[in-house]
file protein05.pdb (PDB, C-alpha atoms, pLDDT in the B column)
ATOM      1  CA  MET A   1       7.058  56.301-103.584  1.00 78.00           C
ATOM      2  CA  SER A   2       6.415  57.638-107.063  1.00 83.00           C
ATOM      3  CA  PRO A   3       5.386  55.099-109.722  1.00 93.00           C
ATOM      4  CA  PHE A   4       8.131  53.799-111.977  1.00 95.00           C
ATOM      5  CA  PRO A   5       8.013  55.543-115.393  1.00 96.00           C
ATOM      6  CA  GLU A   6       5.559  53.617-117.574  1.00 96.00           C
ATOM      7  CA  HIS A   7       7.503  54.179-120.795  1.00 96.00           C
ATOM      8  CA  LEU A   8      10.535  52.488-119.244  1.00 96.00           C
ATOM      9  CA  LEU A   9       8.465  49.454-118.297  1.00 96.00           C
ATOM     10  CA  ALA A  10       7.065  49.386-121.836  1.00 97.00           C
ATOM     11  CA  GLY A  11      10.583  49.569-123.219  1.00 96.00           C
ATOM     12  CA  TYR A  12      11.698  46.742-120.981  1.00 95.00           C
ATOM     13  CA  GLN A  13       8.780  44.623-122.144  1.00 96.00           C
ATOM     14  CA  THR A  14       9.878  45.204-125.750  1.00 96.00           C
ATOM     15  CA  PHE A  15      13.424  44.243-124.782  1.00 94.00           C
ATOM     16  CA  VAL A  16      12.242  41.024-123.130  1.00 96.00           C
ATOM     17  CA  THR A  17       9.954  39.978-125.971  1.00 96.00           C
ATOM     18  CA  GLN A  18      12.045  41.074-128.967  1.00 94.00           C
ATOM     19  CA  ARG A  19      15.745  41.636-128.300  1.00 91.00           C
ATOM     20  CA  LEU A  20      16.457  39.362-125.350  1.00 93.00           C
ATOM     21  CA  PRO A  21      15.405  36.124-127.113  1.00 94.00           C
ATOM     22  CA  THR A  22      17.983  36.756-129.857  1.00 92.00           C
ATOM     23  CA  GLU A  23      20.758  37.656-127.379  1.00 92.00           C
ATOM     24  CA  GLN A  24      19.913  35.440-124.398  1.00 93.00           C
ATOM     25  CA  SER A  25      22.916  33.185-124.943  1.00 93.00           C
ATOM     26  CA  ARG A  26      25.203  36.211-125.096  1.00 92.00           C
ATOM     27  CA  TYR A  27      23.873  37.591-121.792  1.00 93.00           C
ATOM     28  CA  ARG A  28      24.282  34.184-120.136  1.00 94.00           C
ATOM     29  CA  GLU A  29      27.834  33.937-121.443  1.00 94.00           C
ATOM     30  CA  LEU A  30      28.669  37.434-120.166  1.00 94.00           C
ATOM     31  CA  SER A  31      27.200  36.624-116.754  1.00 94.00           C
ATOM     32  CA  GLN A  32      29.461  33.567-116.475  1.00 94.00           C
ATOM     33  CA  ILE A  33      32.757  34.695-117.993  1.00 93.00           C
ATOM     34  CA  GLY A  34      32.490  38.434-117.294  1.00 92.00           C
ATOM     35  CA  GLN A  35      33.091  41.304-119.677  1.00 94.00           C
ATOM     36  CA  SER A  36      36.066  41.748-121.966  1.00 95.00           C
ATOM     37  CA  PRO A  37      35.389  44.766-124.186  1.00 96.00           C
ATOM     38  CA  GLU A  38      38.245  45.962-126.351  1.00 97.00           C
ATOM     39  CA  VAL A  39      36.933  49.527-126.566  1.00 98.00           C
ATOM     40  CA  MET A  40      36.272  52.147-123.910  1.00 98.00           C
ATOM     41  CA  VAL A  41      34.158  55.159-124.884  1.00 98.00           C
ATOM     42  CA  ILE A  42      34.243  58.400-122.911  1.00 98.00           C
ATOM     43  CA  GLY A  43      31.091  60.229-123.917  1.00 98.00           C
ATOM     44  CA  CYS A  44      28.714  62.960-122.833  1.00 98.00           C
ATOM     45  CA  CYS A  45      25.662  62.504-120.615  1.00 97.00           C
ATOM     46  CA  ASP A  46      23.505  64.023-123.364  1.00 97.00           C
ATOM     47  CA  SER A  47      20.531  61.725-123.991  1.00 96.00           C
ATOM     48  CA  ARG A  48      20.871  62.185-127.767  1.00 96.00           C
ATOM     49  CA  VAL A  49      24.377  60.759-127.907  1.00 97.00           C
ATOM     50  CA  SER A  50      24.363  57.114-126.871  1.00 97.00           C
ATOM     51  CA  PRO A  51      27.612  55.349-127.851  1.00 97.00           C
ATOM     52  CA  GLU A  52      25.873  51.973-127.968  1.00 96.00           C
ATOM     53  CA  VAL A  53      23.341  53.314-130.472  1.00 96.00           C
ATOM     54  CA  ILE A  54      25.822  55.308-132.587  1.00 96.00           C
ATOM     55  CA  PHE A  55      28.203  52.356-132.936  1.00 96.00           C
ATOM     56  CA  ASP A  56      25.459  49.718-133.034  1.00 95.00           C
ATOM     57  CA  ALA A  57      27.159  47.851-130.200  1.00 95.00           C
ATOM     58  CA  GLY A  58      25.798  44.737-128.566  1.00 92.00           C
ATOM     59  CA  PRO A  59      26.052  43.748-124.896  1.00 93.00           C
ATOM     60  CA  GLY A  60      29.612  43.466-123.659  1.00 95.00           C
ATOM     61  CA  GLU A  61      31.195  45.296-126.618  1.00 97.00           C
ATOM     62  CA  LEU A  62      31.786  48.755-125.125  1.00 98.00           C
ATOM     63  CA  PHE A  63      32.945  49.935-121.717  1.00 98.00           C
ATOM     64  CA  VAL A  64      31.297  53.348-121.433  1.00 98.00           C
ATOM     65  CA  VAL A  65      31.741  56.245-119.031  1.00 98.00           C
ATOM     66  CA  ARG A  66      29.666  59.384-119.591  1.00 98.00           C
ATOM     67  CA  ASN A  67      29.899  62.823-118.016  1.00 97.00           C
ATOM     68  CA  VAL A  68      29.075  66.429-118.838  1.00 96.00           C
ATOM     69  CA  ALA A  69      30.942  67.386-122.041  1.00 97.00           C
ATOM     70  CA  ASN A  70      32.895  64.104-122.282  1.00 97.00           C
ATOM     71  CA  LEU A  71      35.807  65.511-120.284  1.00 97.00           C
ATOM     72  CA  VAL A  72      38.835  63.670-118.957  1.00 97.00           C
ATOM     73  CA  PRO A  73      40.573  65.385-116.040  1.00 95.00           C
ATOM     74  CA  VAL A  74      44.337  65.420-115.629  1.00 95.00           C
ATOM     75  CA  PHE A  75      45.866  62.676-113.500  1.00 96.00           C
ATOM     76  CA  GLN A  76      45.475  63.854-109.911  1.00 93.00           C
ATOM     77  CA  PRO A  77      46.157  61.256-107.191  1.00 91.00           C
ATOM     78  CA  ASP A  78      45.119  63.596-104.379  1.00 91.00           C
ATOM     79  CA  GLY A  79      43.089  61.204-102.235  1.00 85.00           C
ATOM     80  CA  ASN A  80      39.742  62.540-103.435  1.00 88.00           C
ATOM     81  CA  ALA A  81      37.119  60.573-105.348  1.00 85.00           C
ATOM     82  CA  HIS A  82      37.496  60.755-109.152  1.00 94.00           C
ATOM     83  CA  GLY A  83      34.842  58.949-111.183  1.00 95.00           C
ATOM     84  CA  VAL A  84      36.414  59.210-114.639  1.00 96.00           C
ATOM     85  CA  SER A  85      39.840  58.316-113.275  1.00 97.00           C
ATOM     86  CA  ALA A  86      38.389  55.263-111.524  1.00 97.00           C
ATOM     87  CA  ALA A  87      36.727  54.104-114.751  1.00 98.00           C
ATOM     88  CA  LEU A  88      39.977  54.611-116.645  1.00 98.00           C
ATOM     89  CA  GLU A  89      41.947  52.698-114.061  1.00 97.00           C
ATOM     90  CA  TYR A  90      39.542  49.758-114.279  1.00 98.00           C
ATOM     91  CA  ALA A  91      39.398  49.786-118.084  1.00 98.00           C
ATOM     92  CA  ILE A  92      43.187  49.820-118.432  1.00 98.00           C
ATOM     93  CA  GLN A  93      44.395  47.787-115.480  1.00 97.00           C
ATOM     94  CA  VAL A  94      41.641  45.159-115.288  1.00 97.00           C
ATOM     95  CA  LEU A  95      39.839  44.988-118.632  1.00 97.00           C
ATOM     96  CA  LYS A  96      42.968  45.889-120.604  1.00 97.00           C
ATOM     97  CA  VAL A  97      41.041  47.641-123.354  1.00 98.00           C
ATOM     98  CA  LYS A  98      42.892  48.212-126.610  1.00 98.00           C
ATOM     99  CA  HIS A  99      41.165  51.453-127.651  1.00 98.00           C
ATOM    100  CA  ILE A 100      39.828  54.543-125.892  1.00 98.00           C
ATOM    101  CA  VAL A 101      37.468  56.759-127.884  1.00 98.00           C
ATOM    102  CA  VAL A 102      36.618  60.258-126.648  1.00 98.00           C
ATOM    103  CA  LEU A 103      33.251  61.027-128.240  1.00 98.00           C
ATOM    104  CA  GLY A 104      32.215  64.691-128.427  1.00 98.00           C
ATOM    105  CA  HIS A 105      29.076  66.013-130.069  1.00 98.00           C
ATOM    106  CA  ALA A 106      27.228  69.013-131.469  1.00 97.00           C
ATOM    107  CA  GLN A 107      24.848  71.095-129.348  1.00 96.00           C
ATOM    108  CA  CYS A 108      26.638  70.152-126.125  1.00 96.00           C
ATOM    109  CA  GLY A 109      24.934  71.845-123.169  1.00 93.00           C
ATOM    110  CA  GLY A 110      28.042  71.775-121.002  1.00 93.00           C
ATOM    111  CA  ILE A 111      30.141  73.489-123.651  1.00 94.00           C
ATOM    112  CA  ARG A 112      27.399  76.038-124.301  1.00 93.00           C
ATOM    113  CA  ALA A 113      27.203  76.862-120.578  1.00 90.00           C
ATOM    114  CA  PHE A 114      30.977  77.311-120.550  1.00 91.00           C
ATOM    115  CA  VAL A 115      30.988  79.515-123.650  1.00 91.00           C
ATOM    116  CA  ASP A 116      28.082  81.647-122.427  1.00 91.00           C
ATOM    117  CA  ASP A 117      29.561  81.875-118.926  1.00 85.00           C
ATOM    118  CA  SER A 118      26.097  81.022-117.627  1.00 81.00           C
ATOM    119  CA  ALA A 119      25.026  81.773-114.078  1.00 87.00           C
ATOM    120  CA  PRO A 120      25.408  78.839-111.661  1.00 87.00           C
ATOM    121  CA  LEU A 121      22.429  76.471-111.552  1.00 88.00           C
ATOM    122  CA  SER A 122      23.053  75.761-107.869  1.00 92.00           C
ATOM    123  CA  PRO A 123      25.053  77.227-104.973  1.00 92.00           C
ATOM    124  CA  GLY A 124      27.668  74.536-105.557  1.00 91.00           C
ATOM    125  CA  ASP A 125      28.026  75.449-109.244  1.00 92.00           C
ATOM    126  CA  PHE A 126      28.886  71.844-110.016  1.00 93.00           C
ATOM    127  CA  ILE A 127      28.743  72.328-113.787  1.00 92.00           C
ATOM    128  CA  GLY A 128      30.879  75.469-113.678  1.00 91.00           C
ATOM    129  CA  LYS A 129      33.553  73.807-111.559  1.00 92.00           C
ATOM    130  CA  TRP A 130      33.505  70.697-113.734  1.00 93.00           C
ATOM    131  CA  MET A 131      33.857  72.684-116.951  1.00 92.00           C
ATOM    132  CA  SER A 132      36.648  74.847-115.514  1.00 90.00           C
ATOM    133  CA  MET A 133      39.102  71.952-115.738  1.00 88.00           C
ATOM    134  CA  PHE A 134      38.756  72.110-119.513  1.00 87.00           C
ATOM    135  CA  VAL A 135      40.983  75.218-119.511  1.00 89.00           C
ATOM    136  CA  LYS A 136      44.631  75.227-118.496  1.00 88.00           C
ATOM    137  CA  PRO A 137      45.808  77.863-115.991  1.00 86.00           C
ATOM    138  CA  GLY A 138      46.371  81.155-117.791  1.00 85.00           C
ATOM    139  CA  GLU A 139      44.629  79.954-120.945  1.00 88.00           C
ATOM    140  CA  THR A 140      41.966  82.170-122.534  1.00 85.00           C
ATOM    141  CA  VAL A 141      39.035  80.871-124.550  1.00 88.00           C
ATOM    142  CA  ALA A 142      37.378  83.545-126.672  1.00 88.00           C
ATOM    143  CA  GLN A 143      35.428  83.967-129.880  1.00 90.00           C
ATOM    144  CA  ARG A 144      37.664  84.793-132.829  1.00 92.00           C
ATOM    145  CA  ASP A 145      37.213  87.676-135.238  1.00 91.00           C
ATOM    146  CA  HIS A 146      34.735  86.869-138.023  1.00 91.00           C
ATOM    147  CA  GLU A 147      33.703  83.686-136.181  1.00 92.00           C
ATOM    148  CA  THR A 148      29.962  83.168-135.684  1.00 94.00           C
ATOM    149  CA  MET A 149      28.691  81.936-132.326  1.00 94.00           C
ATOM    150  CA  GLN A 150      27.848  78.583-133.878  1.00 94.00           C
ATOM    151  CA  GLN A 151      31.354  78.239-135.303  1.00 95.00           C
ATOM    152  CA  PHE A 152      32.794  79.212-131.914  1.00 95.00           C
ATOM    153  CA  VAL A 153      30.733  76.623-130.055  1.00 95.00           C
ATOM    154  CA  THR A 154      31.599  73.884-132.549  1.00 96.00           C
ATOM    155  CA  ARG A 155      35.294  74.730-132.291  1.00 95.00           C
ATOM    156  CA  ILE A 156      35.184  74.477-128.498  1.00 96.00           C
ATOM    157  CA  GLU A 157      33.187  71.228-128.630  1.00 97.00           C
ATOM    158  CA  LYS A 158      35.951  69.732-130.758  1.00 97.00           C
ATOM    159  CA  ALA A 159      38.637  71.328-128.605  1.00 96.00           C
ATOM    160  CA  ALA A 160      37.165  69.508-125.594  1.00 96.00           C
ATOM    161  CA  VAL A 161      37.790  66.207-127.367  1.00 97.00           C
ATOM    162  CA  LEU A 162      41.403  67.164-128.086  1.00 97.00           C
ATOM    163  CA  ARG A 163      41.970  68.348-124.524  1.00 96.00           C
ATOM    164  CA  SER A 164      40.583  65.100-123.143  1.00 97.00           C
ATOM    165  CA  LEU A 165      42.931  63.129-125.394  1.00 97.00           C
ATOM    166  CA  GLU A 166      45.784  65.279-124.113  1.00 97.00           C
ATOM    167  CA  ASN A 167      44.741  64.730-120.495  1.00 97.00           C
ATOM    168  CA  LEU A 168      44.552  60.970-120.986  1.00 98.00           C
ATOM    169  CA  MET A 169      48.295  60.946-121.534  1.00 98.00           C
ATOM    170  CA  THR A 170      48.859  62.420-118.057  1.00 97.00           C
ATOM    171  CA  PHE A 171      47.790  59.063-116.568  1.00 98.00           C
ATOM    172  CA  PRO A 172      50.949  56.944-116.183  1.00 97.00           C
ATOM    173  CA  PHE A 173      49.135  53.653-116.854  1.00 97.00           C
ATOM    174  CA  VAL A 174      47.595  55.097-120.044  1.00 98.00           C
ATOM    175  CA  LYS A 175      50.859  56.633-121.262  1.00 98.00           C
ATOM    176  CA  LYS A 176      52.756  53.399-120.655  1.00 97.00           C
ATOM    177  CA  ARG A 177      50.357  51.300-122.731  1.00 97.00           C
ATOM    178  CA  VAL A 178      50.113  53.869-125.519  1.00 98.00           C
ATOM    179  CA  GLU A 179      53.893  54.021-125.831  1.00 97.00           C
ATOM    180  CA  SER A 180      54.170  50.236-125.840  1.00 98.00           C
ATOM    181  CA  GLY A 181      51.566  49.967-128.609  1.00 97.00           C
ATOM    182  CA  GLU A 182      49.075  48.086-126.426  1.00 98.00           C
ATOM    183  CA  LEU A 183      46.571  50.967-126.383  1.00 98.00           C
ATOM    184  CA  GLN A 184      45.357  53.446-128.977  1.00 98.00           C
ATOM    185  CA  LEU A 185      43.569  56.735-128.296  1.00 98.00           C
ATOM    186  CA  HIS A 186      40.947  58.154-130.657  1.00 98.00           C
ATOM    187  CA  GLY A 187      38.816  61.270-130.876  1.00 98.00           C
ATOM    188  CA  ALA A 188      35.409  61.485-132.546  1.00 98.00           C
ATOM    189  CA  TYR A 189      32.619  64.042-132.965  1.00 97.00           C
ATOM    190  CA  PHE A 190      28.940  63.241-133.568  1.00 97.00           C
ATOM    191  CA  GLY A 191      26.622  65.598-135.440  1.00 95.00           C
ATOM    192  CA  VAL A 192      23.258  65.123-133.752  1.00 95.00           C
ATOM    193  CA  ALA A 193      21.028  66.576-136.479  1.00 92.00           C
ATOM    194  CA  GLU A 194      22.406  64.640-139.428  1.00 90.00           C
ATOM    195  CA  GLY A 195      23.933  61.661-137.626  1.00 92.00           C
ATOM    196  CA  SER A 196      27.399  62.384-139.004  1.00 93.00           C
ATOM    197  CA  LEU A 197      30.606  61.128-137.441  1.00 96.00           C
ATOM    198  CA  SER A 198      33.997  62.802-137.665  1.00 96.00           C
ATOM    199  CA  ILE A 199      37.221  61.309-136.363  1.00 97.00           C
ATOM    200  CA  VAL A 200      40.470  62.969-135.370  1.00 97.00           C
ATOM    201  CA  ASP A 201      43.501  62.644-137.613  1.00 95.00           C
ATOM    202  CA  GLN A 202      46.245  62.028-135.061  1.00 87.00           C
ATOM    203  CA  ASN A 203      48.870  63.702-137.242  1.00 90.00           C
ATOM    204  CA  THR A 204      47.020  66.991-137.748  1.00 95.00           C
ATOM    205  CA  ASN A 205      44.400  67.029-134.937  1.00 94.00           C
ATOM    206  CA  GLU A 206      41.834  67.834-137.628  1.00 95.00           C
ATOM    207  CA  PHE A 207      38.396  66.207-137.700  1.00 96.00           C
ATOM    208  CA  SER A 208      37.348  64.491-140.915  1.00 94.00           C
ATOM    209  CA  ARG A 209      33.889  63.121-141.572  1.00 92.00           C
ATOM    210  CA  VAL A 210      33.528  59.412-142.198  1.00 90.00           C
ATOM    211  CA  TYR A 211      29.767  59.598-142.673  1.00 62.00           C
ATOM    212  CA  GLN A 212      30.075  61.042-146.184  1.00 61.00           C
ATOM    213  CA  SER A 213      32.622  58.439-147.263  1.00 54.00           C
ATOM    214  CA  ILE A 214      30.362  55.649-146.043  1.00 59.00           C
ATOM    215  CA  LEU A 215      27.421  57.063-147.993  1.00 56.00           C
ATOM    216  CA  ALA A 216      29.604  57.383-151.095  1.00 57.00           C
ATOM    217  CA  SER A 217      30.657  53.737-150.869  1.00 61.00           C
ATOM    218  CA  GLN A 218      27.014  52.657-150.648  1.00 60.00           C
ATOM    219  CA  ALA A 219      25.903  54.739-153.658  1.00 57.00           C
TER
END
call {"tool": "encode", "arguments": {"input": "protein05.pdb", "output": "structure tokens"}}
result
Amino acid sequence: MSPFPEHLLAGYQTFVTQRLPTEQSRYRELSQIGQSPEVMVIGCCDSRVSPEVIFDAGPGELFVVRNVANLVPVFQPDGNAHGVSAALEYAIQVLKVKHIVVLGHAQCGGIRAFVDDSAPLSPGDFIGKWMSMFVKPGETVAQRDHETMQQFVTRIEKAAVLRSLENLMTFPFVKKRVESGELQLHGAYFGVAEGSLSIVDQNTNEFSRVYQSILASQA
């Protein structure tokens, strides 16, 4: 058996000696009463985009599911295994979260592979098949006139957030709670390089940056 990564053991030692002592009571409480987060975050697997870090969340505050390109599939009760759908079902039906945040980000590898129509990485083409659900039947995704490749990629990264929000409403248990006012859906986009955060205006589906307004209020 290969040795456990040393940097992970070093990180755990730091956790035990520095962070755990200040949060020990919280961990004990969570172990006894269970979790009750009010927010679910659907994010990307990308190692640069950790919801807990971005939102400075402590233990028990966020219920997080991550996948390639932060995608939510349409509701499809076909008898097959569906990881995101299972997480959604648990978050809504058991935890009764009050908010779902779909968190997209810049430089998304899954979106770039989709845009570039990259060759399959394996015979199963798992990434290609996963990303294909982002597009509706008959829909075409193409670069616009006078649009740079970077602008195209960014537009599709944000479009993935909007499509996931749209797909969330195909789940009957999500739709029911949204319409009753018990659940709110949100979209957000993280700029990796500068650490910016943009959120979706639900009236216009436009992304507006909150990072700049926060900096302005601190000046």
call {"tool": "resolve_selection", "arguments": {"input": "protein05.pdb", "expression": "the PyMOL selection byres ((chain A and resi 194-204) around 10)", "output": "list in words"}}
result
Val49, Ile54, Val101, Val102, Leu103, Gly104, His105, Lys158, Val161, Leu162, Leu185, His186, Gly187, Ala188, Tyr189, Phe190, Gly191, Val192, Ala193, Asn205, Glu206, Phe207, Ser208, Arg209, Val210, Tyr211 and Gln212 of chain A
call {"tool": "closest_residue", "arguments": {"input": "protein05.pdb", "among": "A:Met1, A:Val68, A:Gly60, A:His99", "to": "Tyr27 of chain A", "atoms": "only C-alpha atoms"}}
result
A:Gly60
call {"tool": "residues_around", "arguments": {"input": "protein05.pdb", "residues": "Val135 of chain A", "least_positions_apart": "3", "cutoff": "12 Å", "atoms": "all atoms listed in the file", "output": "VMD selection string"}}
result
chain A and resid 71 to 74 111 114 to 115 128 to 132 138 to 142 156 159 to 160 162 to 164 166 to 167
call {"tool": "atom_distance", "arguments": {"input": "protein05.pdb", "atom1": "atom CA of Thr170 of chain A", "atom2": "atom CA of Phe126 of chain A"}}
result
23.5 Å
call {"tool": "atom_distance", "arguments": {"input": "protein05.pdb", "atom1": "atom CA of Val153 of chain A", "atom2": "atom CA of Ile127 of chain A"}}
result
16.9 Å
call {"tool": "closest_residue", "arguments": {"input": "protein05.pdb", "among": "A:Ser85, A:Gln93, A:Gln24, A:Ser2", "to": "Lys176 of chain A", "atoms": "all atoms listed in the file"}}
result
A:Gln93
call {"tool": "closest_residue", "arguments": {"input": "protein05.pdb", "among": "A:Pro3, A:Ser47, A:Asn80, A:Gly58", "to": "Thr22 of chain A", "atoms": "all atoms listed in the file"}}
result
A:Gly58
call {"tool": "atom_distance", "arguments": {"input": "protein05.pdb", "atom1": "atom CA of Thr14 of chain A", "atom2": "atom CA of Val53 of chain A"}}
result
16.4 Å
call {"tool": "resolve_selection", "arguments": {"input": "protein05.pdb", "expression": "the PyMOL selection byres ((chain A and resi 52) around 10)", "output": "list in words"}}
result
Val41, Val49, Ser50, Pro51, Val53, Ile54, Phe55, Asp56, Ala57, Gly58, Pro59, Glu61, Leu62, Phe63 and Val64 of chain A
call {"tool": "residues_around", "arguments": {"input": "protein05.pdb", "residues": "Val84 of chain A", "least_positions_apart": "3", "cutoff": "9 Å", "atoms": "only C-alpha atoms", "output": "list in words"}}
result
Ile42, Val65, Arg66, Asn67, Leu71, Val72, Pro73, Ala87, Leu88 and Glu89 of chain A
call {"tool": "resolve_selection", "arguments": {"input": "protein05.pdb", "expression": "the PyMOL selection byres ((chain A and resi 39) around 6)", "output": "ChimeraX atom specification"}}
result
/A:37-38,40,62,97,99-100
call {"tool": "residues_around", "arguments": {"input": "protein05.pdb", "residues": "Gln150 of chain A", "least_positions_apart": "3", "cutoff": "12 Å", "atoms": "only C-alpha atoms", "output": "PyMOL selection string"}}
result
chain A and resi 106-108+111-112+115-116+143-144+146-147+153-157
call {"tool": "residues_around", "arguments": {"input": "protein05.pdb", "residues": "Val178 of chain A", "least_positions_apart": "3", "cutoff": "12 Å", "atoms": "all atoms listed in the file", "output": "PyMOL selection string"}}
result
chain A and resi 92+96-100+165+168-175+181-186
call {"tool": "build_atoms", "arguments": {"input": "protein05.pdb", "residues": "segment 75-86 of chain A", "atoms": "N, CA and C atoms", "output": "compact mmCIF listing (two decimals), in the coordinates of the input"}}
result
# COMPACT_ATOMS: atom_id res chain seq x y z
N PHE A 75 45.54 63.63 -114.55
CA PHE A 75 45.87 62.68 -113.50
C PHE A 75 46.13 63.44 -112.20
N GLN A 76 45.37 63.10 -111.15
CA GLN A 76 45.48 63.85 -109.91
C GLN A 76 45.26 62.92 -108.72
N PRO A 77 46.29 62.19 -108.31
CA PRO A 77 46.16 61.26 -107.19
C PRO A 77 46.19 61.98 -105.84
N ASP A 78 45.13 62.73 -105.56
CA ASP A 78 45.12 63.60 -104.38
C ASP A 78 44.31 63.02 -103.21
N GLY A 79 43.85 61.80 -103.33
CA GLY A 79 43.09 61.20 -102.24
C GLY A 79 41.60 61.44 -102.33
N ASN A 80 41.17 62.30 -103.26
CA ASN A 80 39.74 62.54 -103.44
C ASN A 80 39.13 61.51 -104.39
N ALA A 81 37.81 61.50 -104.46
CA ALA A 81 37.12 60.57 -105.35
C ALA A 81 37.10 61.14 -106.77
N HIS A 82 37.46 60.33 -107.75
CA HIS A 82 37.50 60.76 -109.15
C HIS A 82 36.84 59.68 -110.01
N GLY A 83 35.62 59.95 -110.45
CA GLY A 83 34.84 58.95 -111.18
C GLY A 83 35.45 58.53 -112.51
N VAL A 84 35.84 59.52 -113.33
CA VAL A 84 36.41 59.21 -114.64
C VAL A 84 37.74 58.49 -114.47
N SER A 85 38.54 58.94 -113.52
CA SER A 85 39.84 58.32 -113.28
C SER A 85 39.67 56.87 -112.81
N ALA A 86 38.65 56.63 -111.99
CA ALA A 86 38.39 55.26 -111.52
C ALA A 86 37.99 54.36 -112.69
